[in-house]
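**Student:** coords13.cif is reproduced in full below (mmCIF, C-alpha atoms).
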```
data_my_file
#
loop_
_atom_site.group_PDB
_atom_site.id
_atom_site.type_symbol
_atom_site.label_atom_id
_atom_site.label_comp_id
_atom_site.auth_asym_id
_atom_site.auth_seq_id
_atom_site.Cartn_x
_atom_site.Cartn_y
_atom_site.Cartn_z
ATOM 1 C CA MET A 1 25.727 1.481 3.427
ATOM 2 C CA LEU A 2 25.261 -0.094 0.023
ATOM 3 C CA SER A 3 23.586 1.724 -2.811
ATOM 4 C CA HIS A 4 22.145 0.011 -5.886
ATOM 5 C CA THR A 5 20.288 1.161 -8.955
ATOM 6 C CA LEU A 6 17.605 -1.281 -10.010
ATOM 7 C CA ARG A 7 16.727 -1.829 -13.618
ATOM 8 C CA CYS A 8 13.257 -3.309 -13.561
ATOM 9 C CA LEU A 9 11.399 -5.248 -16.210
ATOM 10 C CA ARG A 10 9.189 -2.222 -16.660
ATOM 11 C CA PRO A 11 10.625 0.848 -18.419
ATOM 12 C CA SER A 12 11.234 2.903 -15.293
ATOM 13 C CA SER A 13 14.008 2.366 -12.816
ATOM 14 C CA CYS A 14 14.339 3.090 -9.157
ATOM 15 C CA THR A 15 17.249 3.934 -6.905
ATOM 16 C CA LEU A 16 17.185 2.258 -3.537
ATOM 17 C CA ALA A 17 19.449 2.490 -0.533
ATOM 18 C CA LEU A 18 20.181 -0.832 1.116
ATOM 19 C CA SER A 19 21.582 -0.841 4.593
ATOM 20 C CA ARG A 20 22.042 -4.404 5.848
ATOM 21 C CA GLN A 21 21.449 -8.058 5.223
ATOM 22 C CA LEU A 22 18.271 -9.281 6.914
ATOM 23 C CA VAL A 23 17.323 -12.531 8.598
ATOM 24 C CA HIS A 24 15.148 -15.476 7.574
ATOM 25 C CA HIS A 25 16.431 -15.787 4.023
ATOM 26 C CA ARG A 26 15.572 -18.900 2.042
ATOM 27 C CA PRO A 27 16.954 -18.788 -1.491
ATOM 28 C CA HIS A 28 14.364 -19.738 -4.119
ATOM 29 C CA MET A 29 15.852 -18.004 -7.116
ATOM 30 C CA GLU A 30 18.004 -19.265 -9.921
ATOM 31 C CA PRO A 31 20.576 -18.307 -11.036
ATOM 32 C CA SER A 32 22.358 -17.079 -7.948
ATOM 33 C CA GLY A 33 23.657 -13.570 -7.868
ATOM 34 C CA PRO A 34 22.709 -10.136 -6.621
ATOM 35 C CA ARG A 35 19.088 -9.760 -5.573
ATOM 36 C CA PRO A 36 18.563 -6.015 -5.184
ATOM 37 C CA VAL A 37 14.745 -6.070 -5.292
ATOM 38 C CA GLU A 38 14.524 -8.909 -2.770
ATOM 39 C CA THR A 39 17.008 -7.135 -0.501
ATOM 40 C CA THR A 40 15.042 -3.894 -0.749
ATOM 41 C CA VAL A 41 11.785 -5.681 0.109
ATOM 42 C CA ARG A 42 13.444 -7.197 3.202
ATOM 43 C CA THR A 43 14.928 -3.877 4.270
ATOM 44 C CA LYS A 44 11.737 -1.853 3.864
ATOM 45 C CA LEU A 45 9.478 -4.414 5.578
ATOM 46 C CA THR A 46 11.947 -4.750 8.464
ATOM 47 C CA GLN A 47 12.267 -1.009 8.972
ATOM 48 C CA ALA A 48 8.536 -0.251 8.673
ATOM 49 C CA LEU A 49 6.927 -3.242 10.414
ATOM 50 C CA LYS A 50 9.618 -4.487 12.836
ATOM 51 C CA PRO A 51 8.662 -8.118 12.194
ATOM 52 C CA GLU A 52 9.383 -10.944 14.614
ATOM 53 C CA HIS A 53 9.605 -13.215 11.574
ATOM 54 C CA LEU A 54 10.022 -12.325 7.910
ATOM 55 C CA GLU A 55 10.266 -14.476 4.817
ATOM 56 C CA VAL A 56 10.711 -12.987 1.354
ATOM 57 C CA ILE A 57 10.572 -15.537 -1.423
ATOM 58 C CA ASN A 58 11.261 -14.709 -5.036
ATOM 59 C CA GLU A 59 8.837 -16.847 -7.060
ATOM 60 C CA SER A 60 9.718 -15.316 -10.407
ATOM 61 C CA HIS A 61 11.234 -18.594 -11.598
ATOM 62 C CA MET A 62 7.705 -20.070 -11.507
ATOM 63 C CA HIS A 63 6.512 -17.614 -14.136
ATOM 64 C CA ALA A 64 7.209 -16.871 -17.782
ATOM 65 C CA VAL A 65 9.945 -14.316 -17.123
ATOM 66 C CA PRO A 66 13.677 -14.274 -17.934
ATOM 67 C CA PRO A 67 16.029 -16.222 -15.610
ATOM 68 C CA GLY A 68 17.159 -14.147 -12.644
ATOM 69 C CA SER A 69 14.044 -11.936 -12.685
ATOM 70 C CA GLU A 70 12.767 -10.304 -9.524
ATOM 71 C CA SER A 71 9.144 -9.642 -10.407
ATOM 72 C CA HIS A 72 6.996 -12.132 -8.435
ATOM 73 C CA PHE A 73 7.291 -12.407 -4.640
ATOM 74 C CA ARG A 74 5.630 -14.073 -1.676
ATOM 75 C CA VAL A 75 6.128 -12.509 1.754
ATOM 76 C CA LEU A 76 5.320 -13.717 5.231
ATOM 77 C CA VAL A 77 5.392 -10.930 7.793
ATOM 78 C CA VAL A 78 4.795 -11.610 11.493
ATOM 79 C CA SER A 79 4.524 -8.311 13.330
ATOM 80 C CA PRO A 80 3.008 -6.996 16.574
ATOM 81 C CA GLN A 81 1.930 -3.969 14.512
ATOM 82 C CA PHE A 82 -0.788 -6.186 12.990
ATOM 83 C CA GLU A 83 -2.546 -6.618 16.359
ATOM 84 C CA GLY A 84 -6.142 -5.387 16.144
ATOM 85 C CA LEU A 85 -5.987 -4.832 12.369
ATOM 86 C CA SER A 86 -8.121 -6.589 9.784
ATOM 87 C CA LEU A 87 -6.432 -8.664 7.099
ATOM 88 C CA LEU A 88 -7.177 -5.898 4.595
ATOM 89 C CA GLN A 89 -5.518 -3.284 6.830
ATOM 90 C CA ARG A 90 -2.455 -5.511 7.245
ATOM 91 C CA HIS A 91 -2.145 -5.985 3.497
ATOM 92 C CA ARG A 92 -2.469 -2.242 2.991
ATOM 93 C CA LEU A 93 0.434 -1.661 5.406
ATOM 94 C CA VAL A 94 2.622 -4.064 3.430
ATOM 95 C CA ASN A 95 1.520 -2.591 0.088
ATOM 96 C CA ASP A 96 2.100 0.973 1.319
ATOM 97 C CA THR A 97 5.577 0.005 2.528
ATOM 98 C CA LEU A 98 6.417 -1.409 -0.909
ATOM 99 C CA ARG A 99 4.526 1.200 -2.943
ATOM 100 C CA GLU A 100 7.551 2.226 -5.061
ATOM 101 C CA GLU A 101 8.534 -1.354 -5.905
ATOM 102 C CA LEU A 102 4.941 -2.319 -6.725
ATOM 103 C CA SER A 103 4.703 0.576 -9.166
ATOM 104 C CA THR A 104 8.045 -0.195 -10.838
ATOM 105 C CA CYS A 105 9.729 -3.557 -10.272
ATOM 106 C CA ILE A 106 7.279 -5.994 -8.708
ATOM 107 C CA HIS A 107 4.557 -7.469 -10.905
ATOM 108 C CA ALA A 108 2.951 -9.752 -8.274
ATOM 109 C CA LEU A 109 3.074 -9.874 -4.483
ATOM 110 C CA ALA A 110 1.427 -12.572 -2.350
ATOM 111 C CA ILE A 111 1.147 -11.505 1.290
ATOM 112 C CA GLN A 112 0.705 -13.437 4.516
ATOM 113 C CA ALA A 113 0.447 -10.954 7.378
ATOM 114 C CA LYS A 114 0.159 -12.538 10.821
ATOM 115 C CA THR A 115 0.261 -11.424 14.413
ATOM 116 C CA PRO A 116 2.802 -13.150 16.664
ATOM 117 C CA GLN A 117 -0.076 -15.105 18.284
ATOM 118 C CA GLN A 118 -1.357 -16.305 14.894
ATOM 119 C CA TRP A 119 2.179 -17.330 13.936
ATOM 120 C CA SER A 120 2.703 -19.278 17.170
ATOM 121 C CA ASN A 121 -0.603 -21.115 16.553
ATOM 122 C CA ASN A 122 0.250 -21.904 12.910
ATOM 123 C CA PRO A 123 3.903 -21.327 11.934
ATOM 124 C CA SER A 124 3.568 -22.150 8.262
ATOM 125 C CA LEU A 125 3.930 -20.419 4.949
ATOM 126 C CA ALA A 126 1.186 -21.068 2.416
ATOM 127 C CA LYS A 127 2.299 -22.591 -0.856
ATOM 128 C CA SER A 128 1.724 -20.606 -4.019
ATOM 129 C CA PRO A 129 -0.656 -22.043 -6.585
ATOM 130 C CA PRO A 130 0.926 -22.939 -9.909
ATOM 131 C CA CYS A 131 1.154 -20.122 -12.409
ATOM 132 C CA LEU A 132 -1.187 -20.620 -15.322
ATOM 133 C CA GLY A 133 -0.399 -17.282 -16.927
ATOM 134 C CA GLY A 134 2.481 -16.167 -19.058
ATOM 135 C CA SER A 135 2.922 -16.716 -22.708
ATOM 136 C CA LYS A 136 0.684 -19.333 -24.331
ATOM 137 C CA HIS A 137 3.685 -20.233 -26.447
ATOM 138 C CA ASP A 138 6.073 -20.729 -23.508
ATOM 139 C CA ASN A 139 7.005 -24.417 -23.534
ATOM 140 C CA THR A 140 8.539 -24.175 -20.058
ATOM 141 C CA VAL A 141 5.176 -23.517 -18.339
ATOM 142 C CA THR A 142 4.273 -27.230 -18.491
ATOM 143 C CA GLU A 143 7.670 -28.155 -17.046
ATOM 144 C CA LYS A 144 7.330 -25.543 -14.298
ATOM 145 C CA LEU A 145 3.855 -26.789 -13.350
ATOM 146 C CA LYS A 146 5.126 -30.362 -13.176
ATOM 147 C CA ALA A 147 8.042 -29.288 -10.942
ATOM 148 C CA VAL A 148 5.695 -27.442 -8.551
ATOM 149 C CA ARG A 149 3.464 -30.516 -8.158
ATOM 150 C CA ASP A 150 6.431 -32.805 -7.362
#
```
As structure tokens, how would this structure be written, given the file I've shared?
**Tutor:**
Amino acid sequence: MLSHTLRCLRPSSCTLALSRQLVHHRPHMEPSGPRPVETTVRTKLTQALKPEHLEVINESHMHAVPPGSESHFRVLVVSPQFEGLSLLQRHRLVNDTLREELSTCIHALAIQAKTPQQWSNNPSLAKSPPCLGGSKHDNTVTEKLKAVRD
């Protein structure tokens, strides 16, 4: 069992136990290196929701944050536990599962929560809209927006 201490962009830190590498990983983060927040998100969602399909995408590079940040994520969770639940109830389950990270490390979380039937009918991950926030004086925002459109 691996153990990591996370130093988040916010002043507090959190200690998280990580037990195993999870499936359905698509790297979207530069530079490469350890991804403790992403790994924790995968671990917690897998343990709590037993998904048939899980995608955790770090979209921090699309925002005005330092390189290698883990503060903006998009998740796709396909779980039988979502059967009979409203979209709001599904999102609450995901948010409750990641409560600690949302209060410390994660600034933004986009959630797609589907039942296995919904996933089989439409197996796609929605694309994030371009970030228009961040520093007004960040010259890289224009470049990032152009890269997202291409």
**Student:** Rounded to one decimal, what separation in Å do you get between atom CA of Trp119 of chain A and atom CA of Ser79 of chain A?
**Tutor:**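 Taking atom CA of Trp119 of chain A and atom CA of Ser79 of chain A, their separation equals 9.3 Å.
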**Student:** Using only C-alpha atoms, find the one residue out of A:Val37, A:Leu54, A:Ala48, A:Ala110 that sits nearest to Ser128 of chain A.
**Tutor:**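 Between A:Val37, A:Leu54, A:Ala48, A:Ala110, the residue approaching Ser128 of chain A most closely is A:Ala110.
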**Student:** What's around Ser60 of chain A at 8 Å? Count only C-alpha atoms, leave out sequence neighbours fewer than 4 positions away in its own chain, and write the answer as a list in words.
**Tutor:** Met29, Ala64, Val65, Gly68, Ser69, Glu70, Ser71, His72 and Phe73 of chain A
**Student:** Output C-alpha atoms for every residue in the selection just made, as a tab-separated table (two decimals), in the coordinates of the input.
**Tutor:**
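Final output, saved to selection_28.tsv:
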```tsv
chain	number	residue	atom	x	y	z
A	29	MET	CA	15.85	-18.00	-7.12
A	64	ALA	CA	7.21	-16.87	-17.78
A	65	VAL	CA	9.94	-14.32	-17.12
A	68	GLY	CA	17.16	-14.15	-12.64
A	69	SER	CA	14.04	-11.94	-12.68
A	70	GLU	CA	12.77	-10.30	-9.52
A	71	SER	CA	9.14	-9.64	-10.41
A	72	HIS	CA	7.00	-12.13	-8.44
A	73	PHE	CA	7.29	-12.41	-4.64
```
**Student:** Which one of A:Leu125, A:Ala113, A:Ala108, A:Leu49 sits closest to Gln81 of chain A if you count all atoms listed in the file?
**Tutor:** A:Leu49
**Student:** Expressed in Å to a single decimal, how great is the separation between atom CA of Val41 of chain A and atom CA of Thr104 of chain A?
**Tutor:**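 Separation between atom CA of Val41 of chain A and atom CA of Thr104 of chain A: 12.8 Å.
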**Student:** Which distance in Å separates atom CA of Ile111 of chain A and atom CA of Val75 of chain A, to one decimal?
**Tutor:**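 Going from atom CA of Ile111 of chain A over to atom CA of Val75 of chain A covers 5.1 Å.
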**Student:** Under the rule that all atoms listed in the file are counted, which of A:Glu52, A:Ile106, A:Val78, A:Asn58 is the nearest residue to Asn122 of chain A?
**Tutor:** A:Val78
**Student:** Written as JSON, numbers by chain, what is the full residue list that the PyMOL selection byres ((chain A and resi 98) around 12) yields on the file shown?
**Tutor:** {"A": [16, 37, 38, 40, 41, 42, 43, 44, 45, 46, 47, 48, 49, 73, 75, 91, 92, 93, 94, 95, 96, 97, 99, 100, 101, 102, 103, 104, 105, 106, 107, 108, 109, 111]}
**Student:** Find, counting only C-alpha atoms, the residue in A:Val56, A:Pro51, A:Pro116, A:Asn121 that gets nearest to Thr39 of chain A.
**Tutor:**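 Closest to Thr39 of chain A of all the choices is A:Val56.
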**Student:** The centre and edge lengths of an axis-aligned box containing all atoms of segment 86-104 of chain A present in the file, extended by 8 Å on each side, are to be given in Å to one decimal, as lines of an AutoDock Vina configuration file.
**Tutor:**
```
center_x = 0.2
center_y = -3.2
center_z = -0.5
size_x = 32.7
size_y = 26.9
size_z = 36.6
```
**Student:** Looking at all atoms listed in the file, which of A:Pro129, A:Met62, A:Gln118, A:Glu55 is the one that sits closest to Arg74 of chain A?
**Tutor:**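 So, comparing all the options, the nearest one is A:Glu55.
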